[in-house]
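Visitor: Input structure: run.txt, which contains compact mmCIF, C-alpha atoms and all ligand atoms.
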# COMPACT_ATOMS: atom_id res chain seq x y z
CA MET Y 13 36.63 -28.00 -23.63
CA THR Y 14 36.39 -29.65 -27.05
CA ASP Y 15 36.57 -33.42 -27.12
CA CYS Y 16 39.54 -34.94 -28.92
CA LEU Y 17 37.21 -37.14 -30.88
CA GLU Y 18 33.67 -36.15 -31.64
CA LEU Y 19 31.05 -37.86 -33.77
CA LYS Y 20 28.00 -35.89 -34.76
CA ASP Y 21 24.96 -37.70 -36.19
CA VAL Y 22 27.09 -40.22 -38.07
CA THR Y 23 24.85 -42.22 -40.41
CA VAL Y 24 26.10 -45.05 -42.62
CA ARG Y 25 24.07 -47.28 -44.93
CA TYR Y 26 24.88 -50.46 -46.82
CA GLY Y 27 22.45 -50.15 -49.73
CA ALA Y 28 19.08 -49.35 -48.18
CA ARG Y 29 20.02 -50.74 -44.79
CA PHE Y 30 21.15 -48.44 -41.99
CA ALA Y 31 24.24 -49.77 -40.21
CA LEU Y 32 24.59 -46.60 -38.12
CA ASP Y 33 21.78 -44.17 -37.50
CA ALA Y 34 22.68 -40.67 -36.31
CA VAL Y 35 25.36 -41.75 -33.83
CA SER Y 36 26.83 -38.94 -31.71
CA PHE Y 37 29.31 -39.09 -28.85
CA GLY Y 38 32.59 -37.53 -27.73
CA VAL Y 39 35.83 -38.80 -26.22
CA PRO Y 40 38.00 -36.37 -24.23
CA GLN Y 41 41.71 -35.96 -24.99
CA GLY Y 42 43.74 -38.83 -23.53
CA ALA Y 43 40.68 -40.86 -22.50
CA GLN Y 44 40.22 -44.53 -23.37
CA ALA Y 45 36.81 -45.49 -24.70
CA ALA Y 46 35.33 -48.95 -25.28
CA VAL Y 47 32.77 -49.46 -28.05
CA VAL Y 48 30.42 -52.32 -27.15
CA GLY Y 49 27.27 -53.80 -28.63
CA PRO Y 50 26.03 -57.10 -30.06
CA ASN Y 51 27.28 -58.64 -33.30
CA GLY Y 52 26.16 -56.54 -36.21
CA ALA Y 53 25.73 -53.45 -34.00
CA GLY Y 54 27.88 -51.41 -36.37
CA LYS Y 55 31.13 -51.30 -34.36
CA SER Y 56 33.43 -52.07 -37.30
CA THR Y 57 31.34 -49.81 -39.51
CA LEU Y 58 31.88 -47.01 -37.00
CA PHE Y 59 35.66 -47.40 -37.09
CA LYS Y 60 35.74 -47.52 -40.89
CA ALA Y 61 33.58 -44.42 -41.16
CA MET Y 62 35.88 -42.63 -38.70
CA VAL Y 63 38.96 -43.24 -40.82
CA GLY Y 64 37.19 -42.53 -44.10
CA LEU Y 65 37.12 -46.11 -45.43
CA LEU Y 66 33.34 -45.94 -45.68
CA PRO Y 67 31.33 -42.96 -46.83
CA MET Y 68 28.84 -41.46 -44.42
CA VAL Y 69 25.32 -40.67 -45.60
CA SER Y 70 25.43 -37.73 -43.21
CA GLY Y 71 27.18 -36.58 -40.07
CA GLN Y 72 30.67 -35.50 -39.12
CA VAL Y 73 33.77 -36.89 -37.46
CA LEU Y 74 35.74 -34.15 -35.72
CA LEU Y 75 39.22 -34.38 -34.24
CA HIS Y 76 39.97 -31.51 -31.87
CA GLY Y 77 37.12 -29.67 -33.54
CA GLN Y 78 38.51 -30.17 -37.05
CA LEU Y 79 37.00 -32.30 -39.77
CA ARG Y 80 38.91 -35.55 -40.05
CA ALA Y 81 40.12 -34.68 -43.53
CA ASP Y 82 41.71 -31.47 -42.21
CA TYR Y 83 43.30 -33.03 -39.13
CA LYS Y 84 47.03 -33.37 -39.69
CA GLU Y 85 48.10 -35.46 -36.68
CA PRO Y 86 48.38 -39.23 -37.13
CA VAL Y 87 45.35 -41.40 -36.44
CA ALA Y 88 46.14 -45.13 -36.33
CA TYR Y 89 43.55 -47.80 -37.05
CA VAL Y 90 43.92 -51.54 -36.50
CA PRO Y 91 41.13 -53.41 -38.28
CA GLN Y 92 39.37 -56.48 -36.97
CA ARG Y 93 41.45 -59.56 -37.80
CA GLU Y 94 38.92 -61.05 -40.21
CA GLU Y 95 39.09 -57.98 -42.40
CA VAL Y 96 42.77 -58.31 -43.22
CA ASP Y 97 44.03 -60.38 -46.15
CA TRP Y 98 46.83 -62.19 -44.36
CA ARG Y 99 48.04 -63.83 -47.58
CA PHE Y 100 49.50 -60.53 -48.71
CA PRO Y 101 53.19 -61.35 -49.36
CA VAL Y 102 54.93 -58.92 -47.08
CA THR Y 103 57.32 -59.26 -44.15
CA VAL Y 104 56.61 -58.21 -40.60
CA PHE Y 105 59.19 -55.40 -40.88
CA ASP Y 106 57.47 -54.04 -44.00
CA VAL Y 107 54.06 -54.13 -42.36
CA VAL Y 108 55.35 -52.06 -39.46
CA ALA Y 109 57.36 -49.78 -41.80
CA MET Y 110 54.06 -48.89 -43.49
CA GLY Y 111 53.27 -47.04 -40.27
CA ARG Y 112 56.01 -44.55 -41.20
CA TYR Y 113 54.49 -43.70 -44.55
CA GLY Y 114 51.46 -41.49 -44.88
CA ARG Y 115 53.39 -38.63 -43.27
CA GLY Y 116 54.19 -37.18 -46.68
CA LYS Y 117 56.76 -39.94 -47.11
CA TRP Y 118 54.90 -42.20 -49.48
CA LEU Y 119 57.35 -43.53 -52.07
CA LYS Y 120 60.21 -41.91 -50.21
CA ARG Y 121 62.91 -43.94 -48.53
CA LEU Y 122 62.70 -44.60 -44.83
CA THR Y 123 65.20 -42.51 -42.90
CA SER Y 124 67.38 -44.09 -40.24
CA ALA Y 125 65.13 -42.46 -37.63
CA ASP Y 126 62.12 -44.16 -39.28
CA ARG Y 127 63.91 -47.50 -39.14
CA ARG Y 128 64.70 -46.97 -35.49
CA THR Y 129 61.05 -46.22 -34.73
CA VAL Y 130 60.03 -49.39 -36.60
CA ARG Y 131 62.50 -51.48 -34.59
CA GLU Y 132 61.39 -49.90 -31.31
CA SER Y 133 57.76 -50.61 -32.15
CA LEU Y 134 58.57 -54.24 -33.00
CA ASP Y 135 60.46 -54.52 -29.72
CA ARG Y 136 57.70 -52.96 -27.72
CA MET Y 137 55.22 -55.57 -29.00
CA ASP Y 138 57.80 -58.34 -28.56
CA VAL Y 139 57.88 -59.36 -32.24
CA ALA Y 140 61.37 -58.12 -33.21
CA ASP Y 141 62.55 -61.70 -33.77
CA LEU Y 142 59.83 -62.16 -36.39
CA ALA Y 143 60.85 -59.10 -38.45
CA HIS Y 144 61.82 -61.04 -41.59
CA ARG Y 145 58.98 -63.56 -41.55
CA PRO Y 146 56.04 -63.21 -43.97
CA ILE Y 147 53.06 -61.89 -42.01
CA GLY Y 148 50.85 -64.74 -43.29
CA GLU Y 149 52.94 -67.37 -41.50
CA LEU Y 150 52.36 -66.01 -38.02
CA SER Y 151 49.81 -67.03 -35.41
CA GLY Y 152 46.74 -64.84 -34.84
CA GLY Y 153 48.24 -63.34 -31.70
CA GLN Y 154 51.54 -62.58 -33.42
CA GLN Y 155 49.74 -60.94 -36.34
CA GLN Y 156 47.78 -58.79 -33.92
CA ARG Y 157 51.01 -57.69 -32.21
CA VAL Y 158 52.52 -56.78 -35.58
CA PHE Y 159 49.51 -54.63 -36.40
CA LEU Y 160 49.75 -52.98 -33.01
CA ALA Y 161 53.46 -52.34 -33.70
CA ARG Y 162 52.51 -50.72 -37.00
CA ALA Y 163 50.03 -48.49 -35.17
CA LEU Y 164 52.74 -47.54 -32.65
CA ALA Y 165 55.16 -46.74 -35.46
CA GLN Y 166 52.68 -44.08 -36.59
CA GLU Y 167 53.18 -42.31 -33.25
CA PRO Y 168 49.44 -41.68 -33.22
CA HIS Y 169 47.52 -39.03 -31.34
CA VAL Y 170 44.41 -41.16 -31.71
CA LEU Y 171 44.36 -44.96 -31.84
CA LEU Y 172 41.37 -46.99 -33.02
CA LEU Y 173 41.45 -50.74 -32.32
CA ASP Y 174 38.68 -52.95 -33.67
CA GLU Y 175 38.32 -56.05 -31.46
CA PRO Y 176 41.97 -56.50 -30.52
CA PHE Y 177 41.04 -59.04 -27.82
CA THR Y 178 39.08 -61.41 -30.04
CA GLY Y 179 40.80 -64.62 -31.13
CA VAL Y 180 44.15 -63.90 -29.50
CA ASP Y 181 46.12 -65.77 -26.84
CA VAL Y 182 46.34 -64.64 -23.23
CA SER Y 183 49.83 -63.15 -23.60
CA THR Y 184 48.76 -61.01 -26.57
CA ARG Y 185 45.75 -59.86 -24.57
CA GLU Y 186 48.06 -58.90 -21.69
CA ALA Y 187 50.52 -57.19 -24.06
CA THR Y 188 47.63 -55.20 -25.55
CA LEU Y 189 46.42 -54.13 -22.12
CA GLU Y 190 49.96 -53.10 -21.20
CA LEU Y 191 50.19 -51.12 -24.42
CA LEU Y 192 46.95 -49.32 -23.52
CA SER Y 193 48.39 -48.41 -20.11
CA GLY Y 194 51.49 -46.98 -21.78
CA LEU Y 195 49.37 -44.98 -24.21
CA ARG Y 196 47.34 -43.61 -21.32
CA ALA Y 197 50.55 -42.30 -19.78
CA ASN Y 198 51.38 -40.61 -23.11
CA GLY Y 199 47.96 -38.97 -23.43
CA VAL Y 200 46.96 -40.86 -26.59
CA THR Y 201 43.19 -40.95 -27.09
CA VAL Y 202 42.04 -44.54 -27.62
CA LEU Y 203 38.86 -46.16 -28.93
CA VAL Y 204 38.62 -49.96 -28.69
CA SER Y 205 35.74 -52.21 -29.67
CA THR Y 206 35.29 -55.32 -27.58
CA HIS Y 207 32.84 -58.04 -26.67
CA ASP Y 208 34.27 -58.13 -23.18
CA LEU Y 209 31.85 -56.01 -21.17
CA ASP Y 210 33.73 -56.79 -17.97
CA LEU Y 211 36.87 -55.32 -19.44
CA ALA Y 212 34.96 -52.31 -20.75
CA ALA Y 213 33.53 -51.73 -17.27
CA SER Y 214 36.82 -52.10 -15.44
CA ARG Y 215 39.52 -50.62 -17.69
CA PHE Y 216 37.90 -47.85 -19.73
CA ASP Y 217 36.96 -44.27 -18.92
CA VAL Y 218 34.12 -44.07 -21.40
CA VAL Y 219 31.83 -46.76 -22.80
CA VAL Y 220 29.93 -46.30 -26.05
CA LEU Y 221 27.01 -48.75 -26.13
CA LEU Y 222 25.77 -49.20 -29.64
CA ASN Y 223 23.17 -51.11 -31.56
CA ARG Y 224 22.96 -49.32 -34.91
CA ARG Y 225 22.00 -46.24 -32.95
CA LEU Y 226 23.69 -44.99 -29.83
CA ILE Y 227 22.12 -46.50 -26.71
CA HIS Y 228 24.30 -44.51 -24.31
CA ALA Y 229 27.82 -43.13 -24.02
CA GLY Y 230 29.51 -42.08 -20.80
CA PRO Y 231 31.32 -43.48 -17.76
CA PRO Y 232 30.86 -47.28 -17.42
CA ARG Y 233 28.58 -46.99 -14.36
CA GLU Y 234 26.23 -44.73 -16.24
CA VAL Y 235 26.18 -46.91 -19.35
CA PHE Y 236 25.91 -50.39 -17.86
CA THR Y 237 22.43 -50.14 -16.41
CA GLU Y 238 20.00 -53.00 -16.92
CA GLU Y 239 17.83 -50.72 -19.01
CA HIS Y 240 20.63 -49.84 -21.42
CA LEU Y 241 21.89 -53.42 -21.61
CA HIS Y 242 18.39 -54.62 -22.29
CA GLU Y 243 18.02 -52.09 -25.06
CA ALA Y 244 21.27 -53.21 -26.67
CA PHE Y 245 21.35 -56.93 -26.02
CA GLY Y 246 17.68 -57.91 -25.57
CA GLY Y 247 17.46 -61.71 -25.56
CA GLN Y 248 21.08 -62.38 -24.77
CA MET Y 249 23.09 -63.06 -21.68
CA VAL Y 250 25.83 -60.64 -20.81
CA VAL Y 251 28.46 -60.45 -18.07
CA VAL Y 252 29.35 -57.11 -16.54
CA ASP Y 253 31.40 -56.48 -13.44
CA GLY Y 254 31.62 -60.22 -12.77
CA ARG Y 255 27.82 -60.43 -12.69
CA MET Y 256 25.83 -62.39 -15.20
CA ILE Y 257 22.76 -60.61 -16.43
CA VAL Y 258 20.15 -62.39 -18.52
CA VAL Y 259 18.36 -59.91 -20.66
CA ASP Y 260 14.85 -61.18 -21.15
CA GLN Y 261 13.85 -61.39 -24.81
CA CYS Y 262 10.11 -61.05 -24.25
CA CYS Y 263 10.52 -57.46 -23.11
CA CYS Y 264 12.66 -56.43 -26.04
CA GLY Y 265 11.92 -53.92 -28.70
CA GLY Y 266 8.82 -52.13 -27.37
CA ASP Y 267 8.59 -48.64 -25.99
CA ALA Y 268 6.36 -49.91 -23.21
CA GLU Y 269 7.26 -48.73 -19.75
CA GLY Y 270 7.54 -51.21 -16.93
CA GLY Y 271 8.14 -54.92 -17.23
CA GLY Y 272 11.47 -54.01 -18.71
CA SER Y 273 13.52 -55.51 -15.96
CA ALA Y 274 16.54 -57.09 -17.38
CA GLY Y 275 17.27 -60.22 -15.76
CA ASP Y 276 16.42 -63.23 -13.84
CA GLY Y 277 20.07 -63.90 -13.30
CA ALA Y 278 21.29 -60.51 -12.15
CA GLY Y 279 23.72 -60.86 -9.34
CA ARG Y 280 24.81 -64.38 -10.02
CA ASP Y 281 28.51 -64.68 -10.14
CA GLY Y 282 29.94 -64.82 -13.59
CA ARG Y 283 33.09 -66.66 -14.41
P1 LIG Y 301 29.91 -55.27 -35.74
O1 LIG Y 301 31.33 -54.90 -36.02
O2 LIG Y 301 29.32 -54.51 -34.59
O3 LIG Y 301 29.71 -56.74 -35.58
P2 LIG Y 301 29.51 -54.39 -38.49
O4 LIG Y 301 29.85 -52.95 -38.50
O5 LIG Y 301 30.51 -55.34 -39.02
O6 LIG Y 301 29.04 -54.82 -37.02
O7 LIG Y 301 28.17 -54.62 -39.32
C1 LIG Y 301 26.99 -53.85 -39.07
C2 LIG Y 301 25.88 -54.34 -39.99
O8 LIG Y 301 26.21 -54.01 -41.33
C3 LIG Y 301 25.68 -55.85 -39.96
O9 LIG Y 301 24.31 -56.11 -40.09
C4 LIG Y 301 26.44 -56.34 -41.15
O10 LIG Y 301 25.89 -57.52 -41.66
C5 LIG Y 301 26.28 -55.17 -42.12
N1 LIG Y 301 27.44 -55.06 -43.02
C6 LIG Y 301 28.72 -54.92 -42.65
N2 LIG Y 301 29.53 -54.81 -43.73
C7 LIG Y 301 28.73 -54.86 -44.81
C8 LIG Y 301 28.95 -54.80 -46.22
N3 LIG Y 301 30.17 -54.62 -46.72
N4 LIG Y 301 27.88 -54.86 -47.04
C9 LIG Y 301 26.63 -55.00 -46.53
N5 LIG Y 301 26.33 -55.07 -45.22
C10 LIG Y 301 27.36 -55.01 -44.36
MG MG Y 302 33.08 -55.93 -36.07
Take the structure in the file and give it back as structure tokens.
Ligand code: ADP
Ligand code: MG
Guide:
Amino acid sequence: MTDCLELKDVTVRYGARFALDAVSFGVPQGAQAAVVGPNGAGKSTLFKAMVGLLPMVSGQVLLHGQLRADYKEPVAYVPQREEVDWRFPVTVFDVVAMGRYGRGKWLKRLTSADRRTVRESLDRMDVADLAHRPIGELSGGQQQRVFLARALAQEPHVLLLDEPFTGVDVSTREATLELLSGLRANGVTVLVSTHDLDLAASRFDVVVLLNRRLIHAGPPREVFTEEHLHEAFGGQMVVVDGRMIVVDQCCCGGDAEGGGSAGDGAGRDGR
């Protein structure tokens, strides 16, 4: 069966520097995938390349076997918070209404059905009471909910969320997790980047472990081995499945076999 989302040898450069080097993986229809890797691993770059905001040096992004440019179903993308200019003078309602454009409706009026979808999306993310506020006045968590409402208003087949759990309050985190559960029930294919390896291990079907190149993609158990974590996070401490693993820097980077054990702290309880 073809994957819903398939990347083939995706390579992206900033100038001479490779941000992504021949990254390939697939996500089945309706599955939820977590993209994890250290800072600078290329997670945001990957999302931007997938939606065509960044050119690829080579490679392909396929949706149900079709090139992204030819795929007609809606794909929603919520960028990382830091990448949005929150000073843009626009109300919450307008931000979410933008989710209804791009379906051949650009510059056309919203229909009453569009407006209903916008209101339902605002309701679903519990921000309906903020509809007439400028987006720039809201808290980080509220802004994130508004962007999620915009994504919902697109009625997407594929949803890409770049670090939705970073810098938000607990209730927004819970609302986002609830949203993901609802999307699972509706068969929406989801790709979420996160620093929370515990969450990736416990709530996602597929994990894509990245550090400029693909370290491994597959079910969490297969991905979160000490060897893979060491390859991705050498020199850092990570927490997976409630266990703290210290990835020893001295073993990092070589191809040498042996001595690559990842951790003096494996098995200690994390918090
Ligand atoms: P992540 O989201 O995993 O933290 P990014 O995709 O943001 O990583 O960045 C990957 C690498 O590309 C980093 O080394 C970053 O500094 C670099 N980078 C990101 N955006 C740009 C840019 N616009 N110009 C040059 N380098 C960039
Ligand atoms: Mg990022």
Visitor: Taking only residues of chain Y that have an atom at most 6 Å from an atom of ligand LIG 301 (chain Y), what is each one's shortest atom pair and its distance in Å to one decimal, using all atoms listed in the file, in chain and number order, as a tab-separated table?
Guide:
residue	atom	partner	partner_atom	distance
Y:Tyr26	CA	Y:LIG301	C9	4.9
Y:Ala31	CA	Y:LIG301	O8	4.8
Y:Asn51	CA	Y:LIG301	O3	3.8
Y:Gly52	CA	Y:LIG301	O6	3.5
Y:Ala53	CA	Y:LIG301	O2	3.8
Y:Gly54	CA	Y:LIG301	O4	3.3
Y:Lys55	CA	Y:LIG301	O2	3.7
Y:Ser56	CA	Y:LIG301	O1	3.7
Y:Thr57	CA	Y:LIG301	O4	3.6
Visitor: For Asp210 of chain Y, which residue among Y:Leu19, Y:Val250, Y:Val102, Y:Leu195 is the nearest when counting all atoms listed in the file?
Guide: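 Under the stated criterion, the closest residue is Y:Val250.
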Visitor: With only C-alpha atoms and all ligand atoms as the atoms that count, which of Y:Ala213, Y:Val130, Y:Leu222, Y:Ala187 lies nearest to ligand MG 302 (chain Y)?
Guide: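 Closest to ligand MG 302 (chain Y), using only C-alpha atoms and all ligand atoms: Y:Leu222.
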Visitor: Please compute the atom CA of Pro91 of chain Y-atom CA of Thr14 of chain Y distance, one decimal, in Å.
Guide: 26.7 Å
Visitor: With all atoms listed in the file as the atoms that count, which of Y:Leu173, Y:Leu75, Y:Ile257, Y:Val139 lies nearest to ligand MG 302 (chain Y)?
Guide: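 Of all the options, Y:Leu173 lies closest to ligand MG 302 (chain Y).
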Visitor: What lies within 10 Å of Gln92 of chain Y using all atoms listed in the file, ignoring chain neighbours under 2 positions off, as a PDB file with C-alpha atoms, in the coordinates of the input?
Guide:
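Output file out-v9.pdb is given in full below:
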ATOM      1  CA  SER Y  56      33.430 -52.070 -37.300  1.00  0.00           C
ATOM      2  CA  PHE Y  59      35.660 -47.400 -37.090  1.00  0.00           C
ATOM      3  CA  TYR Y  89      43.550 -47.800 -37.050  1.00  0.00           C
ATOM      4  CA  VAL Y  90      43.920 -51.540 -36.500  1.00  0.00           C
ATOM      5  CA  GLU Y  94      38.920 -61.050 -40.210  1.00  0.00           C
ATOM      6  CA  GLU Y  95      39.090 -57.980 -42.400  1.00  0.00           C
ATOM      7  CA  VAL Y  96      42.770 -58.310 -43.220  1.00  0.00           C
ATOM      8  CA  GLN Y 156      47.780 -58.790 -33.920  1.00  0.00           C
ATOM      9  CA  LEU Y 173      41.450 -50.740 -32.320  1.00  0.00           C
ATOM     10  CA  ASP Y 174      38.680 -52.950 -33.670  1.00  0.00           C
ATOM     11  CA  GLU Y 175      38.320 -56.050 -31.460  1.00  0.00           C
ATOM     12  CA  PRO Y 176      41.970 -56.500 -30.520  1.00  0.00           C
ATOM     13  CA  PHE Y 177      41.040 -59.040 -27.820  1.00  0.00           C
ATOM     14  CA  THR Y 178      39.080 -61.410 -30.040  1.00  0.00           C
ATOM     15  CA  SER Y 205      35.740 -52.210 -29.670  1.00  0.00           C
TER      16      SER Y 205
END
Visitor: Go through Y:Val170, Y:Val48, Y:Ala34, Y:Leu122 one by one, measure the shortest atom-to-atom distance of each to Ala88 of chain Y using only C-alpha atoms, and give the residue with the smallest value.
Guide: Y:Val170
Visitor: Output as an mmCIF file, keeping the file's coordinate frame: segment 63-84 of chain Y, completed with N, CA, C and O atoms.
Guide:
data_model
loop_
_atom_site.group_PDB
_atom_site.id
_atom_site.type_symbol
_atom_site.label_atom_id
_atom_site.label_comp_id
_atom_site.auth_asym_id
_atom_site.auth_seq_id
_atom_site.Cartn_x
_atom_site.Cartn_y
_atom_site.Cartn_z
ATOM 1 N N VAL Y 63 37.703 -43.439 -40.096
ATOM 2 C CA VAL Y 63 38.960 -43.240 -40.820
ATOM 3 C C VAL Y 63 38.735 -43.008 -42.322
ATOM 4 O O VAL Y 63 39.688 -42.972 -43.101
ATOM 5 N N GLY Y 64 37.479 -42.881 -42.713
ATOM 6 C CA GLY Y 64 37.190 -42.530 -44.100
ATOM 7 C C GLY Y 64 37.202 -43.712 -45.062
ATOM 8 O O GLY Y 64 37.241 -43.520 -46.281
ATOM 9 N N LEU Y 65 37.165 -44.944 -44.531
ATOM 10 C CA LEU Y 65 37.120 -46.110 -45.430
ATOM 11 C C LEU Y 65 35.710 -46.381 -45.928
ATOM 12 O O LEU Y 65 35.516 -47.136 -46.875
ATOM 13 N N LEU Y 66 34.731 -45.804 -45.243
ATOM 14 C CA LEU Y 66 33.340 -45.940 -45.680
ATOM 15 C C LEU Y 66 32.735 -44.545 -45.737
ATOM 16 O O LEU Y 66 32.967 -43.736 -44.837
ATOM 17 N N PRO Y 67 31.967 -44.280 -46.779
ATOM 18 C CA PRO Y 67 31.330 -42.960 -46.830
ATOM 19 C C PRO Y 67 30.170 -42.860 -45.844
ATOM 20 O O PRO Y 67 29.502 -43.863 -45.580
ATOM 21 N N MET Y 68 29.990 -41.681 -45.293
ATOM 22 C CA MET Y 68 28.840 -41.460 -44.420
ATOM 23 C C MET Y 68 27.705 -40.876 -45.250
ATOM 24 O O MET Y 68 27.960 -40.080 -46.159
ATOM 25 N N VAL Y 69 26.479 -41.281 -44.938
ATOM 26 C CA VAL Y 69 25.320 -40.670 -45.600
ATOM 27 C C VAL Y 69 25.199 -39.228 -45.092
ATOM 28 O O VAL Y 69 24.919 -38.303 -45.843
ATOM 29 N N SER Y 70 25.417 -39.075 -43.791
ATOM 30 C CA SER Y 70 25.430 -37.730 -43.210
ATOM 31 C C SER Y 70 26.200 -37.791 -41.904
ATOM 32 O O SER Y 70 26.542 -38.879 -41.428
ATOM 33 N N GLY Y 71 26.460 -36.642 -41.339
ATOM 34 C CA GLY Y 71 27.180 -36.580 -40.070
ATOM 35 C C GLY Y 71 28.617 -36.145 -40.252
ATOM 36 O O GLY Y 71 29.097 -35.968 -41.373
ATOM 37 N N GLN Y 72 29.280 -35.993 -39.116
ATOM 38 C CA GLN Y 72 30.670 -35.500 -39.120
ATOM 39 C C GLN Y 72 31.510 -36.232 -38.092
ATOM 40 O O GLN Y 72 31.006 -36.621 -37.036
ATOM 41 N N VAL Y 73 32.793 -36.402 -38.437
ATOM 42 C CA VAL Y 73 33.770 -36.890 -37.460
ATOM 43 C C VAL Y 73 34.756 -35.738 -37.260
ATOM 44 O O VAL Y 73 35.392 -35.284 -38.211
ATOM 45 N N LEU Y 74 34.856 -35.274 -36.016
ATOM 46 C CA LEU Y 74 35.740 -34.150 -35.720
ATOM 47 C C LEU Y 74 36.871 -34.593 -34.798
ATOM 48 O O LEU Y 74 36.646 -35.380 -33.857
ATOM 49 N N LEU Y 75 38.060 -34.120 -35.092
ATOM 50 C CA LEU Y 75 39.220 -34.380 -34.240
ATOM 51 C C LEU Y 75 39.705 -33.019 -33.760
ATOM 52 O O LEU Y 75 40.040 -32.159 -34.589
ATOM 53 N N HIS Y 76 39.662 -32.826 -32.454
ATOM 54 C CA HIS Y 76 39.970 -31.510 -31.870
ATOM 55 C C HIS Y 76 39.222 -30.410 -32.619
ATOM 56 O O HIS Y 76 39.789 -29.370 -32.954
ATOM 57 N N GLY Y 77 37.976 -30.670 -32.900
ATOM 58 C CA GLY Y 77 37.120 -29.670 -33.540
ATOM 59 C C GLY Y 77 37.315 -29.522 -35.038
ATOM 60 O O GLY Y 77 36.617 -28.757 -35.687
ATOM 61 N N GLN Y 78 38.276 -30.275 -35.595
ATOM 62 C CA GLN Y 78 38.510 -30.170 -37.050
ATOM 63 C C GLN Y 78 37.920 -31.375 -37.760
ATOM 64 O O GLN Y 78 37.965 -32.488 -37.227
ATOM 65 N N LEU Y 79 37.452 -31.164 -38.970
ATOM 66 C CA LEU Y 79 37.000 -32.300 -39.770
ATOM 67 C C LEU Y 79 38.158 -33.261 -39.956
ATOM 68 O O LEU Y 79 39.306 -32.839 -40.089
ATOM 69 N N ARG Y 80 37.847 -34.540 -39.971
ATOM 70 C CA ARG Y 80 38.910 -35.550 -40.050
ATOM 71 C C ARG Y 80 39.863 -35.276 -41.215
ATOM 72 O O ARG Y 80 41.081 -35.398 -41.089
ATOM 73 N N ALA Y 81 39.295 -34.899 -42.344
ATOM 74 C CA ALA Y 81 40.120 -34.680 -43.530
ATOM 75 C C ALA Y 81 41.135 -33.549 -43.330
ATOM 76 O O ALA Y 81 42.183 -33.523 -43.982
ATOM 77 N N ASP Y 82 40.814 -32.611 -42.428
ATOM 78 C CA ASP Y 82 41.710 -31.470 -42.210
ATOM 79 C C ASP Y 82 42.690 -31.702 -41.058
ATOM 80 O O ASP Y 82 43.600 -30.906 -40.834
ATOM 81 N N TYR Y 83 42.478 -32.771 -40.312
ATOM 82 C CA TYR Y 83 43.300 -33.030 -39.130
ATOM 83 C C TYR Y 83 44.633 -33.612 -39.566
ATOM 84 O O TYR Y 83 44.685 -34.613 -40.282
ATOM 85 N N LYS Y 84 45.716 -32.989 -39.147
ATOM 86 C CA LYS Y 84 47.030 -33.370 -39.690
ATOM 87 C C LYS Y 84 47.786 -34.381 -38.813
ATOM 88 O O LYS Y 84 48.748 -34.986 -39.249
#
